[in-house]
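> Provided below: model38.pdb, containing PDB, C-alpha atoms.
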MODEL        1
ATOM      1  CA  MET A 238      91.228  54.643 106.522
ATOM      2  CA  LYS A 239      92.471  58.155 107.146
ATOM      3  CA  GLU A 240      90.395  61.013 108.552
ATOM      4  CA  PHE A 241      90.880  64.755 108.307
ATOM      5  CA  ILE A 242      88.853  67.408 110.119
ATOM      6  CA  ILE A 243      88.329  70.660 108.219
ATOM      7  CA  GLN A 244      89.783  73.669 110.032
ATOM      8  CA  LYS A 245      88.695  77.305 109.857
ATOM      9  CA  ASN A 246      91.187  78.203 107.111
ATOM     10  CA  GLU A 247      90.091  75.239 105.003
ATOM     11  CA  GLU A 248      86.351  75.898 104.964
ATOM     12  CA  ASN A 249      84.349  77.689 102.278
ATOM     13  CA  GLN A 250      86.271  76.040  99.427
ATOM     14  CA  ARG A 251      85.123  73.332  97.046
ATOM     15  CA  PHE A 252      85.758  69.811  98.221
ATOM     16  CA  ASP A 253      87.572  68.819  94.998
ATOM     17  CA  LYS A 254      90.002  71.743  95.406
ATOM     18  CA  TYR A 255      90.759  70.654  98.962
ATOM     19  CA  LEU A 256      91.380  67.086  97.772
ATOM     20  CA  LYS A 257      93.772  68.326  95.102
ATOM     21  CA  LYS A 258      95.813  70.075  97.813
ATOM     22  CA  LEU A 259      95.712  67.008 100.075
ATOM     23  CA  LEU A 260      96.538  64.571  97.260
ATOM     24  CA  PRO A 261      98.440  66.713  94.722
ATOM     25  CA  ASN A 262      99.933  63.733  92.872
ATOM     26  CA  ALA A 263      96.538  62.228  92.076
ATOM     27  CA  THR A 264      94.788  63.004  88.806
ATOM     28  CA  THR A 265      91.425  64.736  88.841
ATOM     29  CA  SER A 266      89.831  61.708  87.184
ATOM     30  CA  PHE A 267      91.171  59.422  89.928
ATOM     31  CA  LEU A 268      89.778  61.675  92.654
ATOM     32  CA  TYR A 269      86.333  61.737  91.041
ATOM     33  CA  LYS A 270      86.418  57.968  90.613
ATOM     34  CA  MET A 271      87.127  57.590  94.339
ATOM     35  CA  LEU A 272      84.237  59.943  95.117
ATOM     36  CA  ARG A 273      81.869  57.909  92.935
ATOM     37  CA  LYS A 274      82.970  54.664  94.601
ATOM     38  CA  LYS A 275      82.607  56.241  98.064
ATOM     39  CA  ASN A 276      86.282  55.679  98.820
ATOM     40  CA  ILE A 277      86.355  59.378  99.742
ATOM     41  CA  VAL A 278      83.375  60.726 101.727
ATOM     42  CA  ILE A 279      82.337  63.753 103.801
ATOM     43  CA  ASN A 280      80.750  63.134 107.186
ATOM     44  CA  LYS A 281      80.275  59.465 106.219
ATOM     45  CA  LYS A 282      78.162  60.454 103.204
ATOM     46  CA  LYS A 283      78.805  60.229  99.466
ATOM     47  CA  ALA A 284      80.126  63.468  97.976
ATOM     48  CA  GLU A 285      80.122  64.921  94.467
ATOM     49  CA  GLY A 286      83.210  67.099  94.809
ATOM     50  CA  ASN A 287      81.487  70.470  94.401
ATOM     51  CA  GLU A 288      80.413  70.760  98.053
ATOM     52  CA  LYS A 289      81.518  73.836 100.018
ATOM     53  CA  LEU A 290      83.456  72.686 103.060
ATOM     54  CA  VAL A 291      82.552  73.812 106.567
ATOM     55  CA  ALA A 292      84.815  73.810 109.634
ATOM     56  CA  GLY A 293      84.281  70.549 111.473
ATOM     57  CA  ASP A 294      83.509  68.457 108.378
ATOM     58  CA  VAL A 295      85.128  65.029 108.616
ATOM     59  CA  ILE A 296      86.839  63.761 105.468
ATOM     60  CA  SER A 297      87.289  59.968 105.371
ATOM     61  CA  ILE A 298      89.620  58.420 102.794
ATOM     62  CA  PHE A 299      89.500  54.653 102.243
ATOM     63  CA  LEU A 300      92.751  54.003 100.383
ATOM     64  CA  SER A 301      95.611  51.657 101.139
ATOM     65  CA  ASP A 302      98.565  53.226 102.926
ATOM     66  CA  GLU A 303     100.693  52.651  99.832
ATOM     67  CA  THR A 304      98.196  54.380  97.514
ATOM     68  CA  PHE A 305      97.641  57.260  99.920
ATOM     69  CA  GLU A 306     101.385  57.896 100.326
ATOM     70  CA  LYS A 307     101.883  57.802  96.558
ATOM     71  CA  PHE A 308      99.377  60.608  96.045
ATOM     72  CA  HIS A 309      99.879  62.546  99.260
ATOM     73  CA  VAL A 310     102.249  65.496  99.650
ATOM     74  CA  ASN A 311     105.840  64.561 100.454
ATOM     75  CA  LEU A 312     105.776  65.464 104.137
ATOM     76  CA  GLU A 313     109.542  65.457 104.504
ATOM     77  CA  GLU A 314     109.975  67.919 101.637
ATOM     78  CA  LEU A 315     107.056  70.019 102.873
ATOM     79  CA  LYS A 316     108.484  70.148 106.398
ATOM     80  CA  LYS A 317     111.859  71.206 104.994
ATOM     81  CA  GLU A 318     110.146  73.975 102.986
ATOM     82  CA  TYR A 319     108.231  75.100 106.094
ATOM     83  CA  GLU A 320     111.404  75.237 108.197
ATOM     84  CA  ILE A 321     113.227  77.267 105.530
ATOM     85  CA  LEU A 322     110.374  79.795 105.468
ATOM     86  CA  LYS A 323     110.663  80.127 109.237
ATOM     87  CA  THR A 324     114.265  81.342 108.866
ATOM     88  CA  LEU A 325     113.440  84.149 106.419
ATOM     89  CA  GLY A 326     113.302  87.763 107.475
ATOM     90  CA  LEU A 327     111.182  90.400 105.751
ATOM     91  CA  LYS A 328     114.197  91.467 103.598
ATOM     92  CA  GLY A 329     113.192  95.064 103.062
ATOM     93  CA  LEU A 330     109.430  94.506 103.278
ATOM     94  CA  LYS A 331     107.747  96.816 105.789
ATOM     95  CA  VAL A 332     104.471  95.913 107.460
ATOM     96  CA  VAL A 333     102.178  98.943 107.096
ATOM     97  CA  TYR A 334      99.067  97.347 108.640
ATOM     98  CA  GLU A 335      98.161  93.981 110.107
ATOM     99  CA  ASP A 336      95.153  92.321 111.722
ATOM    100  CA  ASP A 337      93.964  88.723 112.055
ATOM    101  CA  GLN A 338      92.799  88.647 108.417
ATOM    102  CA  MET A 339      95.406  90.462 106.355
ATOM    103  CA  ILE A 340      98.792  92.131 106.116
ATOM    104  CA  ILE A 341      99.501  95.236 104.047
ATOM    105  CA  ALA A 342     103.217  95.492 103.287
ATOM    106  CA  ASP A 343     105.405  98.046 101.512
ATOM    107  CA  LYS A 344     107.486  96.163  98.907
ATOM    108  CA  PRO A 345     110.962  97.383  97.879
ATOM    109  CA  TYR A 346     112.195  97.311  94.285
ATOM    110  CA  ASN A 347     113.932  94.214  92.878
ATOM    111  CA  MET A 348     111.572  91.852  94.700
ATOM    112  CA  LEU A 349     108.972  89.601  93.082
ATOM    113  CA  SER A 350     105.449  89.690  94.531
ATOM    114  CA  GLN A 351     105.067  85.948  93.942
ATOM    115  CA  LYS A 352     107.678  83.495  92.743
ATOM    116  CA  ALA A 353     107.946  82.750  89.034
ATOM    117  CA  SER A 354     109.889  79.488  89.544
ATOM    118  CA  ASP A 355     110.381  76.991  92.371
ATOM    119  CA  LYS A 356     113.774  78.478  93.255
ATOM    120  CA  ASP A 357     112.529  82.058  93.655
ATOM    121  CA  LEU A 358     112.050  83.828  96.952
ATOM    122  CA  SER A 359     109.368  86.493  96.738
ATOM    123  CA  ALA A 360     107.381  88.791  99.001
ATOM    124  CA  ASN A 361     104.924  85.928  99.347
ATOM    125  CA  GLU A 362     107.567  83.649 100.924
ATOM    126  CA  TYR A 363     108.850  86.382 103.242
ATOM    127  CA  LEU A 364     105.315  87.053 104.510
ATOM    128  CA  LEU A 365     104.634  83.330 104.957
ATOM    129  CA  GLY A 366     107.826  83.131 107.016
ATOM    130  CA  TYR A 367     106.691  86.162 109.023
ATOM    131  CA  MET A 368     103.420  84.392 109.885
ATOM    132  CA  ILE A 369     105.215  81.152 110.796
ATOM    133  CA  LYS A 370     107.640  83.011 113.069
ATOM    134  CA  ASN A 371     104.684  84.675 114.806
ATOM    135  CA  ASN A 372     103.005  81.267 115.335
ATOM    136  CA  GLU A 373     100.102  82.205 113.067
ATOM    137  CA  LEU A 374     100.565  79.351 110.573
ATOM    138  CA  SER A 375     101.157  75.829 111.872
ATOM    139  CA  PHE A 376     102.641  73.020 109.828
ATOM    140  CA  GLU A 377      99.300  71.195 109.941
ATOM    141  CA  GLU A 378      97.598  74.215 108.367
ATOM    142  CA  TYR A 379     100.416  74.668 105.856
ATOM    143  CA  LYS A 380      99.765  71.200 104.418
ATOM    144  CA  THR A 381      96.496  72.268 102.814
ATOM    145  CA  PHE A 382      96.317  76.077 103.103
ATOM    146  CA  ARG A 383      98.767  78.781 102.033
ATOM    147  CA  PRO A 384      98.154  82.447 102.834
ATOM    148  CA  SER A 385      99.022  84.531  99.804
ATOM    149  CA  VAL A 386      99.589  87.891  98.148
ATOM    150  CA  VAL A 387      96.380  89.139  96.506
ATOM    151  CA  ASN A 388      97.603  91.925  94.193
ATOM    152  CA  ARG A 389     100.813  91.709  92.172
ATOM    153  CA  LEU A 390     103.383  94.418  91.585
ATOM    154  CA  ASP A 391     106.149  94.216  88.994
ATOM    155  CA  ARG A 392     109.551  93.262  90.407
ATOM    156  CA  ASN A 393     110.817  96.862  90.162
ATOM    157  CA  THR A 394     107.577  98.584  91.199
ATOM    158  CA  THR A 395     107.526  99.495  94.888
ATOM    159  CA  GLY A 396     104.642  99.924  97.296
ATOM    160  CA  LEU A 397     101.597  98.393  98.889
ATOM    161  CA  LEU A 398     100.944  94.662  98.664
ATOM    162  CA  LEU A 399      97.828  92.974 100.042
ATOM    163  CA  PHE A 400      98.354  89.597 101.727
ATOM    164  CA  GLY A 401      95.445  87.450 102.906
ATOM    165  CA  LYS A 402      96.057  85.463 106.100
ATOM    166  CA  THR A 403      92.890  83.370 105.934
ATOM    167  CA  LEU A 404      90.929  81.712 103.152
ATOM    168  CA  ASN A 405      87.966  84.034 103.798
ATOM    169  CA  ALA A 406      90.265  87.048 103.566
ATOM    170  CA  LEU A 407      91.807  85.801 100.322
ATOM    171  CA  GLN A 408      88.378  85.286  98.783
ATOM    172  CA  GLU A 409      87.006  88.648  99.952
ATOM    173  CA  LEU A 410      90.093  90.671  99.045
ATOM    174  CA  GLY A 411      90.332  88.942  95.668
ATOM    175  CA  GLU A 412      86.701  89.747  94.907
ATOM    176  CA  ASN A 413      87.151  93.380  95.991
ATOM    177  CA  ILE A 414      90.154  93.707  93.661
ATOM    178  CA  ARG A 415      88.229  92.135  90.754
ATOM    179  CA  ASN A 416      85.146  94.320  91.167
ATOM    180  CA  ARG A 417      87.308  97.421  91.811
ATOM    181  CA  SER A 418      85.736  98.225  95.182
ATOM    182  CA  ILE A 419      89.295  98.514  96.528
ATOM    183  CA  LYS A 420      90.672 101.593  94.776
ATOM    184  CA  LYS A 421      94.386 101.574  93.921
ATOM    185  CA  TYR A 422      96.469 104.739  93.526
ATOM    186  CA  TYR A 423     100.101 105.020  92.448
ATOM    187  CA  ARG A 424     102.730 107.754  92.352
ATOM    188  CA  ALA A 425     105.291 108.023  89.543
ATOM    189  CA  VAL A 426     107.923 110.412  88.228
ATOM    190  CA  VAL A 427     107.545 110.846  84.472
ATOM    191  CA  ALA A 428     109.584 112.568  81.786
ATOM    192  CA  GLY A 429     107.871 115.741  80.555
ATOM    193  CA  GLU A 430     105.795 118.409  82.280
ATOM    194  CA  LEU A 431     102.191 117.282  82.410
ATOM    195  CA  LYS A 432      99.815 120.164  83.181
ATOM    196  CA  GLU A 433      96.335 118.625  83.043
ATOM    197  CA  GLU A 434      94.435 115.716  84.531
ATOM    198  CA  LEU A 435      93.780 112.885  82.068
ATOM    199  CA  GLU A 436      91.392 109.941  81.760
ATOM    200  CA  LEU A 437      93.118 107.397  79.530
ATOM    201  CA  LYS A 438      91.323 104.542  77.785
ATOM    202  CA  GLY A 439      92.401 101.961  75.255
ATOM    203  CA  TYR A 440      93.328  98.320  74.727
ATOM    204  CA  LEU A 441      96.347  96.282  75.695
ATOM    205  CA  LEU A 442      97.652  93.135  74.013
ATOM    206  CA  LYS A 443     100.212  90.990  75.813
ATOM    207  CA  ASP A 444     102.952  88.977  74.104
ATOM    208  CA  GLU A 445     103.539  86.026  76.448
ATOM    209  CA  LYS A 446     106.902  85.207  74.870
ATOM    210  CA  THR A 447     108.440  88.625  75.485
ATOM    211  CA  ASN A 448     106.307  89.606  78.505
ATOM    212  CA  LYS A 449     105.695  92.923  76.795
ATOM    213  CA  VAL A 450     102.404  94.636  76.007
ATOM    214  CA  THR A 451     101.288  96.800  73.079
ATOM    215  CA  TYR A 452      98.746  99.628  73.121
ATOM    216  CA  TYR A 453      95.806  99.886  70.704
ATOM    217  CA  ALA A 454      93.251 102.690  70.505
ATOM    218  CA  GLU A 455      90.625 100.227  69.242
ATOM    219  CA  GLN A 456      89.965  96.652  70.310
ATOM    220  CA  VAL A 457      91.905  93.936  68.506
ATOM    221  CA  ASP A 458      91.654  90.168  68.829
ATOM    222  CA  GLY A 459      92.886  89.043  72.256
ATOM    223  CA  SER A 460      93.248  92.556  73.682
ATOM    224  CA  ASP A 461      92.018  93.762  77.089
ATOM    225  CA  TYR A 462      90.315  97.067  77.839
ATOM    226  CA  ILE A 463      92.372  99.394  80.050
ATOM    227  CA  GLU A 464      91.454 102.595  81.870
ATOM    228  CA  THR A 465      93.841 104.818  83.815
ATOM    229  CA  GLY A 466      93.368 108.158  85.579
ATOM    230  CA  VAL A 467      96.418 110.463  85.723
ATOM    231  CA  LYS A 468      96.741 113.665  87.782
ATOM    232  CA  PRO A 469      99.846 115.899  87.913
ATOM    233  CA  ILE A 470     101.038 116.766  91.441
ATOM    234  CA  VAL A 471     104.193 118.801  90.704
ATOM    235  CA  SER A 472     105.786 119.675  87.337
ATOM    236  CA  LYS A 473     109.351 121.006  87.335
ATOM    237  CA  ASN A 474     112.605 120.824  85.360
ATOM    238  CA  GLY A 475     111.175 118.622  82.624
ATOM    239  CA  LEU A 476     109.683 116.086  85.066
ATOM    240  CA  THR A 477     106.278 115.551  86.666
ATOM    241  CA  LEU A 478     105.252 113.763  89.834
ATOM    242  CA  VAL A 479     101.888 112.198  88.967
ATOM    243  CA  GLU A 480      99.209 110.340  90.875
ATOM    244  CA  ILE A 481      97.631 107.454  88.974
ATOM    245  CA  HIS A 482      94.275 105.842  89.629
ATOM    246  CA  LEU A 483      94.555 102.282  88.342
ATOM    247  CA  ILE A 484      90.959 101.688  87.304
ATOM    248  CA  THR A 485      91.551  98.408  85.465
ATOM    249  CA  GLY A 486      94.514  96.307  86.471
ATOM    250  CA  LYS A 487      96.335  94.693  83.558
ATOM    251  CA  THR A 488      99.990  93.732  83.055
ATOM    252  CA  HIS A 489     102.239  96.824  82.715
ATOM    253  CA  GLN A 490      99.123  98.985  82.207
ATOM    254  CA  ILE A 491     100.399 102.153  83.894
ATOM    255  CA  ARG A 492     103.840 101.960  82.295
ATOM    256  CA  LEU A 493     102.378 101.404  78.828
ATOM    257  CA  HIS A 494      99.653 104.052  79.082
ATOM    258  CA  LEU A 495     102.031 106.791  80.251
ATOM    259  CA  SER A 496     104.611 105.896  77.616
ATOM    260  CA  THR A 497     101.935 105.942  74.908
ATOM    261  CA  ILE A 498     100.914 109.539  75.687
ATOM    262  CA  GLY A 499     104.529 110.723  75.725
ATOM    263  CA  TYR A 500     105.175 110.791  79.485
ATOM    264  CA  PRO A 501     107.242 107.645  80.130
ATOM    265  CA  ILE A 502     108.110 106.689  83.701
ATOM    266  CA  LEU A 503     111.666 107.539  84.689
ATOM    267  CA  GLY A 504     113.858 104.440  84.865
ATOM    268  CA  ASP A 505     111.442 102.198  82.938
ATOM    269  CA  MET A 506     113.770 100.046  80.840
ATOM    270  CA  LYS A 507     110.972  98.373  78.882
ATOM    271  CA  TYR A 508     108.621 101.225  77.920
ATOM    272  CA  GLY A 509     110.657 104.302  78.861
ATOM    273  CA  ASP A 510     112.917 106.739  77.023
ATOM    274  CA  ALA A 511     116.455 105.308  76.828
ATOM    275  CA  GLN A 512     118.169 108.709  76.623
ATOM    276  CA  VAL A 513     116.252 110.150  79.573
ATOM    277  CA  ASN A 514     116.900 106.986  81.581
ATOM    278  CA  LYS A 515     120.614 107.222  80.857
ATOM    279  CA  LYS A 516     120.703 110.880  81.933
ATOM    280  CA  TYR A 517     119.078 110.190  85.309
ATOM    281  CA  TYR A 518     121.064 107.045  85.928
ATOM    282  CA  GLU A 519     124.259 109.049  85.501
ATOM    283  CA  SER A 520     123.050 112.001  87.590
ATOM    284  CA  HIS A 521     120.952 110.265  90.287
ATOM    285  CA  LYS A 522     121.610 106.501  89.922
ATOM    286  CA  VAL A 523     117.966 105.840  88.957
ATOM    287  CA  ASN A 524     118.142 102.129  88.088
ATOM    288  CA  HIS A 525     114.475 101.070  88.127
ATOM    289  CA  GLN A 526     111.106 102.524  87.197
ATOM    290  CA  LEU A 527     109.967 105.205  89.660
ATOM    291  CA  LEU A 528     106.485 103.747  90.085
ATOM    292  CA  HIS A 529     105.071 103.255  93.578
ATOM    293  CA  ALA A 530     101.777 101.695  94.757
ATOM    294  CA  TYR A 531     100.949 104.594  97.040
ATOM    295  CA  ARG A 532      97.431 104.277  98.465
ATOM    296  CA  LEU A 533      94.655 101.687  98.915
ATOM    297  CA  GLU A 534      91.089 102.822  99.625
ATOM    298  CA  PHE A 535      88.804 100.118 101.027
ATOM    299  CA  PRO A 536      85.021 100.072 100.552
ATOM    300  CA  ASP A 537      84.523 100.418 104.339
ATOM    301  CA  GLY A 538      86.327 103.776 104.293
ATOM    302  CA  ARG A 539      89.741 102.635 105.520
ATOM    303  CA  VAL A 540      92.722 104.148 103.699
ATOM    304  CA  PHE A 541      96.274 102.792 103.763
ATOM    305  CA  GLN A 542      99.237 104.705 102.402
ATOM    306  CA  ALA A 543     103.010 104.314 102.025
ATOM    307  CA  GLU A 544     105.238 107.166 100.909
ATOM    308  CA  PRO A 545     107.532 106.580  97.921
ATOM    309  CA  ALA A 546     111.321 106.630  98.247
ATOM    310  CA  ALA A 547     113.088 109.949  98.853
ATOM    311  CA  ILE A 548     114.345 110.022  95.232
ATOM    312  CA  PHE A 549     110.790 110.898  94.064
ATOM    313  CA  GLN A 550     110.764 114.144  96.052
ATOM    314  CA  LYS A 551     114.432 114.842  95.417
ATOM    315  CA  LEU A 552     114.040 114.812  91.638
ATOM    316  CA  ILE A 553     110.995 117.068  91.704
ATOM    317  CA  GLY A 554     112.329 119.369  94.425
ATOM    318  CA  GLU A 555     115.649 120.132  92.763
TER
ENDMDL
END
Before anything else, please render the file you have as structure tokens.


Amino acid sequence: MKEFIIQKNEENQRFDKYLKKLLPNATTSFLYKMLRKKNIVINKKKAEGNEKLVAGDVISIFLSDETFEKFHVNLEELKKEYEILKTLGLKGLKVVYEDDQMIIADKPYNMLSQKASDKDLSANEYLLGYMIKNNELSFEEYKTFRPSVVNRLDRNTTGLLLFGKTLNALQELGENIRNRSIKKYYRAVVAGELKEELELKGYLLKDEKTNKVTYYAEQVDGSDYIETGVKPIVSKNGLTLVEIHLITGKTHQIRLHLSTIGYPILGDMKYGDAQVNKKYYESHKVNHQLLHAYRLEFPDGRVFQAEPAAIFQKLIGE
């Protein structure tokens, strides 16, 4: 028999989800069979799998050592992964705010928010390493709980990333993002001189194969509703610095919406204007979209902000 005591960062999740983290190589059907046969119990009582765990719960697993090891995480590989994370620096990430529940970081361009493949290193890994270095995430905790980025930014979009340190923080921040009680504002430099504030609405359809989205004025099968607020800050020399309120949050929404109305983001290689991009690459070395997650407004009144790179002001000020 093996016993595990639920820690603070493991509570308030479904028991079956915890088991899947503890025994990732076991099938869901096997885990439910063990629950039915009382080979896996909570506090010495039969469990269904849908229970919400509480700190202090005792999980007892009655499996042979051989069976347990077959389904359990590979501790040697996990320890190696943990030690590698410990060696990582922030690599251009800047911590804007931190408390015992969350980190808000300013992400540079050419960095993934979360890894797309096992070999990737992303902002998520750098922030995990930051926590490990600061003795905020032990190896025992790492076995069944991973702090994580909550909102995603495109690789070449800069700005504010939310990172939940605890399970409660991840759940609360995730819910606040979904119900839009955390308001997200961006800054961008666009081609063209926009003179009026706009409320943009429409539908977006994503092509998974090309990772590109298409705009529709009316709903089509499989499309998602999108809504974006756009306000000009400064218009000069054929460019505009705009502030964007991301009301819904869909893949490439801001880039698509601005391109659709004829004000593409400077440096956007997927939805932008190729000739304009070429001009500003040659004159100012603009090599990525000038889109920056600028401000986060929390429902409790807290506001967090990170200024965009100097090139934003330079282009508009010239």

> Residue by residue, what does the PyMOL selection byres ((chain A and resi 348) around 10) grab here? Present the result as a list in words.

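For this structure, the PyMOL selection byres ((chain A and resi 348) around 10) captures Lys328, Gly329, Leu330, Lys344, Pro345, Tyr346, Asn347, Leu349, Ser350, Gln351, Lys352, Asp357, Leu358, Ser359, Ala360, Leu390, Asp391, Arg392, Asn393, Thr394 and Thr395 of chain A.
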
> List the neighbours of Tyr440 (chain A) out to 8 Å using only C-alpha atoms; skip same-chain residues closer than 4 positions along the sequence, and give me the result as a list in words.

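Surrounding residues, per the criterion: Tyr452, Tyr453, Ala454, Glu455, Gln456, Val457, Ser460, Asp461, Tyr462 and Ile463 of chain A.
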
> To one decimal place in Å, what is the distance between CA of His521 (chain A) and CA of Gly396 (chain A)?

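The value is 20.5 Å.
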
> Would you work out the distance separating CA of Ile481 (chain A) from CA of Lys468 (chain A), expressed in Å to one decimal?

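Atom-to-atom, CA of Ile481 (chain A) to CA of Lys468 (chain A), that is 6.4 Å.
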
> Using the chain letters and numbers from the file, give me the residues hit by the PyMOL selection byres ((chain A and resi 296) around 12), as a PyMOL selection string.

chain A and resi 238-244+247+252-253+255-256+259+272+275-284+286+290-295+297-299

> Name the residues that the PyMOL selection byres ((chain A and resi 332) around 8) picks from the file above, as a count of residues only, using the file's chain letters and numbers.

9

> For Glu306 (chain A), find every residue with an atom within 10 Å (counting only C-alpha atoms), except residues of its own chain fewer than 5 positions away, and show them as a CSV table (one decimal) with C-alpha atoms, keeping the file's coordinate frame.


chain,number,residue,atom,x,y,z
A,260,LEU,CA,96.5,64.6,97.3
A,262,ASN,CA,99.9,63.7,92.9
A,300,LEU,CA,92.8,54.0,100.4
A,301,SER,CA,95.6,51.7,101.1
A,311,ASN,CA,105.8,64.6,100.5
A,312,LEU,CA,105.8,65.5,104.1

> Go ahead and find all residues with at least one atom no further than 7 Å from (112.7, 109.8, 83.0) in the file's coordinates, using all atoms listed in the file; report them as a list in words.

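Counting all atoms listed in the file, I find these residues within 7 Å of (112.7, 109.8, 83.0): Val427, Ala428, Pro501, Ile502, Leu503, Gly504, Asp510, Val513, Asn514 and Tyr517 of chain A.
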
> Tell me which protein, DNA and RNA residues are within 10 Å of Glu430 (chain A), counting all atoms listed in the file, leaving out same-chain ones fewer than 5 positions away, and put them as JSON, numbers by chain.

{"A": [469, 471, 472, 473, 474, 475, 476, 477, 478, 479, 500]}

> May I ask which of the residues A:Glu519, A:Gln408, A:Val450, A:Val426 is the closest one to Gly554 (chain A), counting all atoms listed in the file?

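For Gly554 (chain A), the nearest of the candidates is A:Val426.
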
> Would you compute the distance between CA of Gly326 (chain A) and CA of Ser385 (chain A)? Give it in Å to one decimal.

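Atom-to-atom, CA of Gly326 (chain A) and CA of Ser385 (chain A) are spaced 16.5 Å apart.
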